[in-house]
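Structure file data.cif with mmCIF, C-alpha atoms and all ligand atoms:
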data_target
loop_
_atom_site.label_atom_id
_atom_site.label_comp_id
_atom_site.auth_asym_id
_atom_site.auth_seq_id
_atom_site.Cartn_x
_atom_site.Cartn_y
_atom_site.Cartn_z
CA MET I 1 0.00 0.00 0.00
CA ASN I 2 1.02 3.59 -0.56
CA VAL I 3 0.63 6.01 2.34
CA LEU I 4 0.72 9.80 2.64
CA VAL I 5 1.64 11.33 6.00
CA ILE I 6 0.68 14.98 6.51
CA GLY I 7 2.93 17.23 8.62
CA ASN I 8 6.58 18.08 9.16
CA GLY I 9 7.46 17.50 12.83
CA GLY I 10 9.19 14.86 14.92
CA ARG I 11 5.80 13.20 15.33
CA GLU I 12 5.44 12.79 11.58
CA HIS I 13 8.99 11.48 11.18
CA THR I 14 8.17 8.87 13.82
CA ILE I 15 4.93 7.87 12.05
CA VAL I 16 6.85 7.53 8.76
CA TRP I 17 9.61 5.52 10.50
CA LYS I 18 7.06 3.15 12.02
CA LEU I 19 5.18 2.69 8.73
CA ALA I 20 8.46 1.95 6.95
CA GLN I 21 8.75 -1.19 9.12
CA SER I 22 5.47 -2.59 7.81
CA SER I 23 5.73 -5.28 5.15
CA LYS I 24 2.42 -4.02 3.76
CA VAL I 25 3.71 -0.52 3.03
CA GLU I 26 5.24 0.02 -0.40
CA LYS I 27 5.72 3.76 -0.80
CA ILE I 28 5.49 6.52 1.77
CA TYR I 29 5.03 10.18 0.94
CA CYS I 30 5.23 13.01 3.44
CA ALA I 31 3.76 16.49 2.86
CA PRO I 32 5.72 18.61 3.42
CA GLY I 33 8.05 16.44 5.56
CA ASN I 34 11.49 17.38 6.90
CA GLY I 35 15.16 16.41 6.62
CA GLY I 36 14.47 13.14 8.44
CA THR I 37 11.41 11.96 6.53
CA ALA I 38 13.37 12.57 3.31
CA GLY I 39 15.41 9.43 4.07
CA LEU I 40 12.39 7.12 4.34
CA ALA I 41 9.69 8.80 2.30
CA THR I 42 9.29 11.07 -0.69
CA ASN I 43 8.77 14.59 0.59
CA VAL I 44 6.07 16.46 -1.29
CA GLU I 45 6.04 20.23 -1.28
CA ILE I 46 2.34 20.79 -0.71
CA PRO I 47 1.25 22.87 2.30
CA VAL I 48 -0.87 21.01 4.88
CA SER I 49 -3.62 23.60 4.35
CA ASP I 50 -3.99 23.00 0.59
CA PHE I 51 -6.57 20.20 0.73
CA ALA I 52 -7.40 20.33 -2.99
CA ALA I 53 -3.75 19.91 -4.01
CA LEU I 54 -3.26 17.11 -1.46
CA ALA I 55 -6.36 15.24 -2.66
CA GLN I 56 -5.26 15.68 -6.26
CA PHE I 57 -1.82 14.27 -5.40
CA VAL I 58 -3.39 11.29 -3.64
CA LYS I 59 -5.48 10.48 -6.71
CA GLU I 60 -2.59 10.91 -9.15
CA GLU I 61 -0.13 8.79 -7.16
CA GLY I 62 -2.59 6.03 -6.25
CA ILE I 63 -2.18 6.60 -2.52
CA ASP I 64 -4.31 4.18 -0.49
CA VAL I 65 -4.49 6.00 2.80
CA THR I 66 -3.59 9.40 4.28
CA ILE I 67 -2.56 9.90 7.93
CA VAL I 68 -2.84 13.39 9.42
CA GLY I 69 -0.29 14.48 12.06
CA PRO I 70 -1.06 18.04 13.22
CA GLU I 71 -4.25 19.61 14.57
CA ASP I 72 -4.58 22.58 12.22
CA PRO I 73 -5.62 20.67 9.09
CA LEU I 74 -7.93 18.46 11.21
CA LEU I 75 -9.75 21.49 12.58
CA ALA I 76 -9.86 23.02 9.12
CA GLY I 77 -11.68 19.90 7.87
CA ILE I 78 -9.14 17.86 5.91
CA VAL I 79 -10.87 14.61 6.94
CA ASP I 80 -14.28 15.88 5.83
CA PHE I 81 -12.75 17.08 2.54
CA PHE I 82 -11.10 13.72 1.79
CA GLU I 83 -14.11 11.64 2.90
CA ALA I 84 -16.41 13.66 0.64
CA ARG I 85 -14.17 12.48 -2.23
CA ASN I 86 -14.04 8.86 -1.01
CA LEU I 87 -10.35 9.09 -0.16
CA PRO I 88 -9.47 7.02 2.95
CA ILE I 89 -8.00 9.21 5.68
CA PHE I 90 -7.03 8.68 9.32
CA GLY I 91 -8.13 11.36 11.78
CA PRO I 92 -11.24 12.97 13.27
CA SER I 93 -13.70 15.19 11.42
CA SER I 94 -13.51 18.92 11.97
CA GLN I 95 -16.49 18.74 14.36
CA ALA I 96 -14.86 15.99 16.44
CA ALA I 97 -11.48 17.79 16.46
CA LYS I 98 -13.22 20.63 18.32
CA ILE I 99 -12.42 18.79 21.54
CA GLU I 100 -8.95 20.24 20.94
CA GLY I 101 -9.93 23.39 19.05
CA SER I 102 -12.32 24.75 21.67
CA LYS I 103 -11.59 24.29 25.34
CA SER I 104 -15.10 25.42 26.34
CA PHE I 105 -16.60 22.81 23.99
CA ALA I 106 -14.44 20.07 25.52
CA LYS I 107 -15.22 21.25 29.05
CA SER I 108 -18.97 21.37 28.47
CA LEU I 109 -18.95 17.83 27.07
CA MET I 110 -16.98 16.62 30.12
CA LYS I 111 -19.37 18.39 32.49
CA HIS I 112 -22.45 16.99 30.75
CA TYR I 113 -21.13 13.42 30.76
CA ASN I 114 -19.57 13.52 34.25
CA ILE I 115 -16.00 13.04 33.07
CA PRO I 116 -13.62 14.11 35.87
CA THR I 117 -11.91 17.44 35.18
CA ALA I 118 -11.25 20.76 36.93
CA ALA I 119 -14.36 22.83 37.75
CA TYR I 120 -14.69 25.77 35.34
CA GLU I 121 -16.73 28.61 33.91
CA SER I 122 -16.40 30.11 30.45
CA PHE I 123 -16.83 33.78 29.58
CA MET I 124 -17.14 35.97 26.51
CA ASP I 125 -17.11 39.30 28.30
CA TYR I 126 -14.27 40.70 30.33
CA PRO I 127 -16.15 42.22 33.30
CA SER I 128 -17.93 38.95 34.16
CA ALA I 129 -14.71 36.96 33.79
CA LEU I 130 -12.90 39.42 36.06
CA ALA I 131 -15.65 39.31 38.67
CA TYR I 132 -15.55 35.50 38.68
CA VAL I 133 -11.76 35.37 39.01
CA ARG I 134 -11.88 37.83 41.95
CA GLU I 135 -14.58 35.77 43.63
CA GLN I 136 -12.61 32.51 43.21
CA GLY I 137 -9.17 33.86 44.15
CA ALA I 138 -5.74 32.38 43.35
CA PRO I 139 -4.29 29.96 42.43
CA ILE I 140 -6.48 29.79 39.34
CA VAL I 141 -6.04 28.82 35.69
CA ILE I 142 -6.91 31.11 32.76
CA LYS I 143 -7.17 29.61 29.26
CA ALA I 144 -7.82 31.15 25.86
CA ASP I 145 -10.58 29.05 24.31
CA GLY I 146 -9.03 28.39 20.89
CA LEU I 147 -5.72 27.12 19.54
CA ALA I 148 -2.79 29.17 20.82
CA ALA I 149 0.18 26.87 20.11
CA GLY I 150 0.34 25.79 23.74
CA LYS I 151 0.79 29.37 24.94
CA GLY I 152 -2.80 30.30 25.79
CA VAL I 153 -2.78 28.86 29.32
CA VAL I 154 -1.71 30.70 32.47
CA VAL I 155 -1.56 28.90 35.81
CA ALA I 156 -1.81 32.03 37.98
CA GLN I 157 -0.38 31.79 41.48
CA THR I 158 -1.65 35.23 42.48
CA LEU I 159 -4.81 37.21 41.77
CA GLU I 160 -2.66 39.88 40.14
CA GLU I 161 -1.21 37.35 37.66
CA ALA I 162 -4.70 36.03 36.91
CA GLU I 163 -6.09 39.51 36.25
CA GLN I 164 -3.14 40.33 34.02
CA ALA I 165 -3.62 37.13 31.98
CA LEU I 166 -7.32 37.81 31.61
CA HIS I 167 -6.61 41.35 30.43
CA GLN I 168 -4.03 40.18 27.91
CA ILE I 169 -6.29 37.51 26.44
CA MET I 170 -9.62 39.39 26.45
CA GLU I 171 -8.72 43.07 26.22
CA GLU I 172 -5.37 43.11 24.42
CA ASN I 173 -6.29 40.16 22.15
CA ALA I 174 -2.91 38.50 22.65
CA PHE I 175 -4.21 35.36 20.92
CA GLY I 176 -6.63 37.03 18.48
CA GLN I 177 -9.89 35.14 17.94
CA ALA I 178 -8.69 32.22 20.10
CA GLY I 179 -9.09 34.51 23.13
CA SER I 180 -12.54 35.94 22.43
CA ARG I 181 -13.76 33.36 24.90
CA VAL I 182 -11.87 32.29 28.03
CA VAL I 183 -12.16 29.30 30.28
CA VAL I 184 -11.40 29.92 33.95
CA GLU I 185 -10.53 26.71 35.79
CA GLU I 186 -9.93 25.49 39.28
CA CYS I 187 -6.21 24.81 39.77
CA MET I 188 -5.40 21.10 40.06
CA PHE I 189 -2.32 19.66 41.73
CA GLY I 190 -0.55 16.41 40.93
CA GLU I 191 1.65 14.70 38.40
CA GLU I 192 0.77 14.98 34.70
CA LEU I 193 0.81 12.24 32.13
CA THR I 194 -0.46 11.52 28.65
CA LEU I 195 -2.58 8.60 27.55
CA LEU I 196 -2.97 8.27 23.80
CA ALA I 197 -5.63 5.96 22.41
CA PHE I 198 -6.77 4.68 19.05
CA VAL I 199 -10.51 5.35 18.80
CA ASP I 200 -12.95 4.36 16.04
CA GLY I 201 -16.19 5.67 17.50
CA GLU I 202 -16.98 3.57 20.58
CA THR I 203 -14.00 1.21 20.53
CA VAL I 204 -11.00 2.49 22.47
CA LYS I 205 -7.55 0.86 22.33
CA PRO I 206 -5.29 2.65 24.79
CA MET I 207 -1.58 3.00 24.10
CA ILE I 208 1.10 2.95 26.78
CA THR I 209 1.37 5.98 29.09
CA SER I 210 3.95 8.69 28.50
CA GLN I 211 5.12 11.84 30.22
CA ASP I 212 6.07 15.09 28.54
CA HIS I 213 8.39 17.82 29.91
CA LYS I 214 6.86 21.10 28.82
CA ALA I 215 9.07 23.71 30.50
CA VAL I 216 12.23 24.70 28.64
CA PHE I 217 14.71 24.33 31.51
CA ASP I 218 15.68 21.58 33.96
CA GLY I 219 13.51 21.25 37.06
CA ASP I 220 10.43 22.40 35.06
CA LYS I 221 11.71 26.00 35.07
CA GLY I 222 11.21 28.64 32.40
CA PRO I 223 8.48 29.15 29.82
CA ASN I 224 6.44 26.31 28.34
CA THR I 225 7.42 24.80 24.99
CA GLY I 226 5.80 22.26 22.68
CA GLY I 227 7.62 19.61 24.76
CA MET I 228 11.33 19.12 25.54
CA GLY I 229 11.35 15.38 26.08
CA THR I 230 9.32 12.33 26.96
CA TYR I 231 9.50 8.81 28.27
CA ALA I 232 7.25 5.78 28.10
CA PRO I 233 5.77 3.88 29.75
CA VAL I 234 5.40 5.86 32.99
CA PRO I 235 6.68 3.36 35.58
CA HIS I 236 4.70 4.79 38.48
CA MET I 237 1.33 4.51 36.73
CA SER I 238 -0.07 1.13 37.65
CA ALA I 239 -2.15 -0.96 35.26
CA GLU I 240 -5.10 -0.39 37.64
CA LEU I 241 -4.75 3.37 37.37
CA VAL I 242 -4.57 3.22 33.57
CA ASP I 243 -7.64 1.01 33.59
CA GLN I 244 -9.44 3.54 35.77
CA VAL I 245 -8.55 6.31 33.29
CA VAL I 246 -9.81 4.25 30.36
CA LYS I 247 -13.08 3.34 32.15
CA THR I 248 -13.87 6.72 33.70
CA ILE I 249 -12.45 9.08 31.08
CA VAL I 250 -11.47 7.77 27.64
CA GLU I 251 -14.33 5.33 27.00
CA PRO I 252 -17.01 7.68 28.38
CA MET I 253 -15.62 10.49 26.20
CA ALA I 254 -15.71 8.32 23.06
CA LYS I 255 -19.26 7.27 23.92
CA ALA I 256 -20.28 10.87 24.59
CA MET I 257 -19.06 11.91 21.17
CA VAL I 258 -21.03 9.14 19.50
CA GLN I 259 -24.13 10.24 21.43
CA GLU I 260 -23.56 13.84 20.37
CA GLY I 261 -23.52 12.72 16.73
CA ILE I 262 -19.82 13.56 16.28
CA PRO I 263 -18.08 10.19 16.62
CA PHE I 264 -14.31 10.48 17.11
CA LYS I 265 -12.06 8.49 14.77
CA GLY I 266 -8.31 8.67 15.06
CA ILE I 267 -6.02 9.38 17.98
CA LEU I 268 -7.55 10.72 21.17
CA TYR I 269 -4.89 12.38 23.31
CA THR I 270 -5.85 12.66 26.98
CA GLY I 271 -3.70 14.97 29.09
CA LEU I 272 -4.22 13.93 32.71
CA MET I 273 -3.39 15.10 36.17
CA ILE I 274 -3.28 12.51 38.94
CA THR I 275 -4.84 14.52 41.77
CA SER I 276 -5.51 13.42 45.35
CA GLU I 277 -9.10 12.82 44.19
CA GLY I 278 -7.95 10.58 41.34
CA PRO I 279 -7.12 11.17 37.67
CA LYS I 280 -8.68 14.25 36.03
CA VAL I 281 -8.52 15.62 32.49
CA VAL I 282 -6.26 18.61 31.82
CA GLU I 283 -7.00 18.64 28.10
CA PHE I 284 -7.99 16.52 25.13
CA ASN I 285 -6.17 16.70 21.82
CA ALA I 286 -7.34 15.22 18.55
CA ARG I 287 -4.01 13.78 17.36
CA PHE I 288 -0.77 12.09 18.36
CA GLY I 289 1.33 14.07 20.86
CA ASP I 290 4.68 15.56 19.93
CA PRO I 291 7.09 14.37 21.42
CA GLU I 292 4.96 11.62 23.04
CA THR I 293 4.78 9.79 19.70
CA GLN I 294 8.59 9.55 19.62
CA VAL I 295 8.53 7.24 22.66
CA VAL I 296 5.20 5.46 22.19
CA LEU I 297 5.39 4.25 18.57
CA PRO I 298 8.89 2.71 18.93
CA LEU I 299 7.38 0.39 21.57
CA LEU I 300 4.36 -0.57 19.45
CA GLU I 301 4.63 -4.21 18.36
CA THR I 302 1.53 -4.36 16.16
CA ASP I 303 1.69 -3.12 12.56
CA LEU I 304 0.62 0.55 12.64
CA LEU I 305 -0.94 0.33 9.17
CA ASP I 306 -3.24 -2.49 10.32
CA ILE I 307 -4.47 -0.36 13.23
CA VAL I 308 -4.93 2.70 11.02
CA LEU I 309 -6.99 0.79 8.45
CA ALA I 310 -9.08 -0.95 11.14
CA THR I 311 -9.81 2.44 12.73
CA ILE I 312 -10.91 3.96 9.42
CA ASN I 313 -13.13 0.94 8.72
CA GLY I 314 -14.68 0.90 12.20
CA GLU I 315 -13.10 -2.50 12.94
CA LEU I 316 -10.74 -1.55 15.75
CA ASP I 317 -12.32 -4.12 18.06
CA SER I 318 -10.84 -6.86 15.84
CA ILE I 319 -7.25 -5.69 16.50
CA ASP I 320 -5.12 -6.89 19.39
CA VAL I 321 -2.74 -3.98 20.00
CA GLN I 322 0.52 -5.36 21.39
CA TRP I 323 3.43 -3.53 23.02
CA LYS I 324 7.12 -4.35 23.31
CA GLN I 325 8.77 -4.83 26.66
CA GLY I 326 11.20 -2.12 27.72
CA SER I 327 11.27 1.66 27.93
CA ALA I 328 11.89 4.59 25.62
CA VAL I 329 13.27 8.04 26.41
CA CYS I 330 13.32 10.98 23.99
CA VAL I 331 15.43 14.11 24.52
CA ILE I 332 14.63 17.11 22.34
CA MET I 333 17.47 19.30 21.09
CA ALA I 334 16.29 22.84 20.45
CA ALA I 335 17.64 25.87 18.61
CA PRO I 336 19.18 28.72 20.64
CA GLY I 337 16.43 31.08 21.84
CA TYR I 338 13.61 28.53 21.56
CA PRO I 339 10.74 28.84 22.66
CA GLY I 340 11.38 32.49 21.72
CA ASP I 341 12.94 33.63 18.43
CA TYR I 342 15.70 31.43 17.04
CA PRO I 343 18.03 31.29 14.04
CA LYS I 344 17.78 28.69 11.28
CA GLY I 345 20.28 27.16 8.90
CA ALA I 346 22.95 25.83 11.31
CA GLU I 347 24.55 22.61 10.14
CA ILE I 348 23.76 19.56 12.30
CA LEU I 349 26.83 17.46 12.96
CA GLY I 350 27.34 13.95 14.28
CA LEU I 351 24.10 12.35 13.04
CA GLY I 352 26.15 9.50 11.58
CA LYS I 353 27.73 8.76 14.96
CA VAL I 354 24.46 7.85 16.65
CA ASP I 355 24.40 4.23 17.74
CA GLU I 356 21.65 2.89 15.48
CA MET I 357 21.25 -0.33 17.44
CA ASN I 358 19.96 1.56 20.46
CA ALA I 359 18.85 5.00 19.37
CA VAL I 360 17.09 6.83 16.59
CA VAL I 361 17.09 10.51 15.71
CA PHE I 362 13.64 11.84 14.89
CA HIS I 363 13.95 15.09 12.99
CA ALA I 364 11.59 18.00 13.64
CA GLY I 365 12.87 21.40 12.47
CA THR I 366 15.48 20.20 9.99
CA LYS I 367 15.91 20.28 6.25
CA GLN I 368 18.31 18.95 3.70
CA LYS I 369 20.54 21.61 2.16
CA ASP I 370 23.01 20.47 -0.47
CA ASN I 371 24.73 17.52 1.22
CA ALA I 372 24.06 18.67 4.78
CA ILE I 373 21.17 18.62 7.24
CA VAL I 374 20.54 22.09 8.68
CA THR I 375 18.30 23.46 11.43
CA ASN I 376 14.93 24.76 10.27
CA GLY I 377 12.79 25.17 13.40
CA GLY I 378 12.70 25.66 17.17
CA ARG I 379 12.56 22.04 18.24
CA VAL I 380 15.24 20.70 15.90
CA LEU I 381 15.30 16.98 16.61
CA GLY I 382 14.70 14.35 19.25
CA VAL I 383 16.95 11.46 20.16
CA THR I 384 14.94 8.42 21.25
CA ALA I 385 16.65 5.48 22.88
CA ILE I 386 15.13 2.13 23.76
CA GLY I 387 16.31 0.06 26.70
CA THR I 388 15.24 -3.10 28.42
CA THR I 389 15.03 -0.96 31.56
CA PHE I 390 14.10 2.67 32.05
CA VAL I 391 17.56 3.51 33.42
CA GLU I 392 19.25 2.00 30.37
CA ALA I 393 16.99 3.91 27.96
CA GLN I 394 17.71 7.20 29.72
CA LYS I 395 21.46 6.57 29.74
CA LYS I 396 21.53 5.66 26.05
CA ALA I 397 19.41 8.66 25.11
CA TYR I 398 21.91 11.05 26.72
CA GLU I 399 24.97 9.19 25.37
CA ASN I 400 23.62 9.69 21.87
CA VAL I 401 22.46 13.27 22.38
CA GLU I 402 26.06 14.11 23.18
CA LYS I 403 27.15 12.87 19.75
CA VAL I 404 24.88 15.32 17.91
CA SER I 405 25.61 19.03 17.79
CA PHE I 406 24.73 22.31 16.13
CA GLU I 407 25.49 25.88 17.09
CA GLY I 408 23.70 26.97 20.25
CA ALA I 409 21.88 23.64 20.74
CA HIS I 410 20.20 23.24 24.10
CA TYR I 411 18.38 20.39 25.76
CA ARG I 412 17.13 19.41 29.19
CA LYS I 413 19.45 17.20 31.22
CA ASP I 414 16.70 15.77 33.44
CA ILE I 415 14.28 14.06 31.07
CA GLY I 416 12.82 11.10 32.96
CA ASP I 417 14.37 11.98 36.33
CA LYS I 418 10.87 12.10 37.84
CA ALA I 419 10.53 8.40 37.06
CA LEU I 420 13.89 7.42 38.57
CA LYS I 421 12.64 7.21 42.11
CA HIS I 422 10.00 4.70 41.00
CA VAL I 423 12.21 2.24 39.09
P1 LIG N 1 -3.37 22.81 28.41
O1 LIG N 1 -2.96 23.53 27.17
O2 LIG N 1 -4.82 22.94 28.73
O3 LIG N 1 -2.88 21.40 28.45
O4 LIG N 1 -2.55 23.50 29.59
C1 LIG N 1 -1.14 23.62 29.56
C2 LIG N 1 -0.54 23.26 30.90
O5 LIG N 1 -1.09 24.09 31.94
C3 LIG N 1 -0.86 21.85 31.35
O6 LIG N 1 0.05 20.92 30.83
C4 LIG N 1 -0.77 21.95 32.87
O7 LIG N 1 0.58 21.87 33.28
C5 LIG N 1 -1.25 23.35 33.12
N1 LIG N 1 -2.70 23.31 33.49
C6 LIG N 1 -3.73 23.36 32.63
N2 LIG N 1 -4.92 23.31 33.30
C7 LIG N 1 -4.61 23.21 34.61
C8 LIG N 1 -5.38 23.14 35.81
N3 LIG N 1 -6.71 23.18 35.79
N4 LIG N 1 -4.72 23.06 36.99
C9 LIG N 1 -3.36 23.05 37.01
N5 LIG N 1 -2.59 23.13 35.93
C10 LIG N 1 -3.18 23.22 34.73
N1 LIG N 2 3.41 17.31 23.77
C1 LIG N 2 2.18 17.99 23.92
C2 LIG N 2 1.29 17.92 22.76
O1 LIG N 2 1.55 17.26 21.77
O2 LIG N 2 0.24 18.56 22.79
#

As structure tokens, how would this structure be written, given the file I've shared?
Amino acid sequence: MNVLVIGNGGREHTIVWKLAQSSKVEKIYCAPGNGGTAGLATNVEIPVSDFAALAQFVKEEGIDVTIVGPEDPLLAGIVDFFEARNLPIFGPSSQAAKIEGSKSFAKSLMKHYNIPTAAYESFMDYPSALAYVREQGAPIVIKADGLAAGKGVVVAQTLEEAEQALHQIMEENAFGQAGSRVVVEECMFGEELTLLAFVDGETVKPMITSQDHKAVFDGDKGPNTGGMGTYAPVPHMSAELVDQVVKTIVEPMAKAMVQEGIPFKGILYTGLMITSEGPKVVEFNARFGDPETQVVLPLLETDLLDIVLATINGELDSIDVQWKQGSAVCVIMAAPGYPGDYPKGAEILGLGKVDEMNAVVFHAGTKQKDNAIVTNGGRVLGVTAIGTTFVEAQKKAYENVEKVSFEGAHYRKDIGDKALKHV
């Protein structure tokens, strides 16, 4: 079969890498792809927003199935566009992707169907939002309703911080339209983790747990990023706890969406906080996580293409999703300045020195230039290592990170340290 993967991040490189291991996959295309996907797939220079050109390409090249990585094309309706033309595609419809695209929509569904999450109110006018925040007091969480590239959330420790965030989002329009509505949430406390799941309507097949590191610096200091590193599975999350999450959160959410007439098909990303009252939802996303995918897919035993096709055909219940033993750790190397402004075009050295038996480099912001691979984004690449134990995976990840370099590269030195005390 021929497959098209849409997107250009580390997540998409990982999806391409996993598909390349399937005996059923003949040709892989990636639109637009990056310097890493170029080695395994044919990169196609079509923007992810140009649905007509993508559909045309799929027809011309005889592509059997398209897999969508990022949220933007999902929300903009790429799945609806392809399905209307009878082109098989993996991902949720635009309506279903709203669980990521509108926080108030996701929260109201959770409230209606009794899915555990932080208490909240949503507001479209500033004075009422301000009055509510003053009544609740700090700590409190202020969120722009729409997509804001992970930057539209402020966990305010003081009332002053909360009022400032509210003013920026609602009065200064810091996030444009995404901030015309805000969600004000109770502040939860506890450890965070991600549970990804394949969902084809009502059937849910959970993946292994993973944990992201969002802050840019060691010890969770500094501003939030798209994610600086991950590990999987999370050793301190028992099978019972995962089962509880599936039974009280993921399955009820899938069922709720069917009942609402917007069945979810694709990857349901549940961001969780393990509070003293049990697991609660921080957020839902409508796609694979980045960089969670870089540690989850390398441990997937089952053929990814089989799961993708079964999901599209509503036959997920017939698939036995199997996982490999062992652990994976991914350390992201970022460009100087990231998550703020950063330069591009620095040559990446040492890629050939990475120990391919134990580690793999998933490219994110890279591109091929002449005979070199150069930086082309904020999160440049991720080094994932697999080990029979967590400690081994972490050690190998850092050994291999040290072999790769580019000017001004920075990375966290403590990815996975939170798990160490549990292994
Ligand atoms: P979100 O984009 O909704 O995932 O929020 C980004 C980050 O803000 C999360 O990963 C949490 O660390 C934090 N956060 C979001 N909502 C809450 C909450 N209700 N209580 C505490 N922290 C939160
Ligand atoms: N790593 C966080 C996300 O993909 O949303």

Distance in Å - CA of Glu192 (chain I) versus atom C2 of ligand LIG 2 (chain N):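 Going from CA of Glu192 (chain I) over to atom C2 of ligand LIG 2 (chain N), I get 12.3 Å.
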
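The list of residues with at least one atom within 10 Å of Tyr342 (chain I), based on all atoms listed in the file and without residues fewer than 2 positions apart in the same chain, reads Ala334, Ala335, Pro336, Gly337, Tyr338, Pro339, Gly340, Lys344, Asn376, Gly377, Gly378, Arg379 and Gly408 of chain I.
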
May I have the residues within 7 Å of ligand LIG 1 (chain N), computed using all atoms listed in the file, as a list in words?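 My answer, listing the contacting residues, is Ala118, Val141, Gly150, Gly152, Val153, Val154, Val155, Glu185, Glu186, Cys187, Met188, Phe189, Gly271, Val282 and Glu283 of chain I.
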
Check which residues of chain I sit at most 10 Å from ligand LIG 2 (chain N) using all atoms listed in the file, and return one row each with the closest pair of atoms and their distance in Å to one decimal, ordered by chain and rising number, as a tab-separated table.
residue	atom	partner	partner_atom	distance
I:Arg11	CA	N:LIG2	O1	8.7
I:Pro70	CA	N:LIG2	O1	9.0
I:Glu71	CA	N:LIG2	O2	9.4
I:Glu100	CA	N:LIG2	O2	9.5
I:Ala149	CA	N:LIG2	O2	8.7
I:Gly150	CA	N:LIG2	O2	7.3
I:Thr194	CA	N:LIG2	C1	8.4
I:Ser210	CA	N:LIG2	N1	9.8
I:Gln211	CA	N:LIG2	N1	8.6
I:Asp212	CA	N:LIG2	N1	5.9
I:His213	CA	N:LIG2	N1	7.9
I:Lys214	CA	N:LIG2	N1	7.2
I:Thr225	CA	N:LIG2	N1	8.6
I:Gly226	CA	N:LIG2	N1	5.6
I:Gly227	CA	N:LIG2	N1	4.9
I:Met228	CA	N:LIG2	N1	8.3
I:Gly229	CA	N:LIG2	N1	8.5
I:Thr230	CA	N:LIG2	N1	8.4
I:Tyr269	CA	N:LIG2	O2	8.0
I:Thr270	CA	N:LIG2	O2	9.5
I:Gly271	CA	N:LIG2	O2	8.3
I:Glu283	CA	N:LIG2	O2	9.0
I:Phe284	CA	N:LIG2	O2	8.8
I:Asn285	CA	N:LIG2	O2	6.7
I:Ala286	CA	N:LIG2	O2	9.3
I:Arg287	CA	N:LIG2	O1	7.9
I:Phe288	CA	N:LIG2	O1	6.6
I:Gly289	CA	N:LIG2	O1	3.3
I:Asp290	CA	N:LIG2	O1	4.0
I:Pro291	CA	N:LIG2	N1	5.3
I:Glu292	CA	N:LIG2	N1	5.9
I:Thr293	CA	N:LIG2	O1	8.4

What is the distance between CA of Val79 (chain I) and CA of Ile312 (chain I), in Å to one decimal? 10.9 Å

Using all atoms listed in the file for the distances, tell me which of I:Ala397, I:Val184, I:Val354, I:Ile262 is nearest to Tyr231 (chain I).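 Going through I:Ala397, I:Val184, I:Val354, I:Ile262 one by one, the smallest distance to Tyr231 (chain I) is for I:Ala397.
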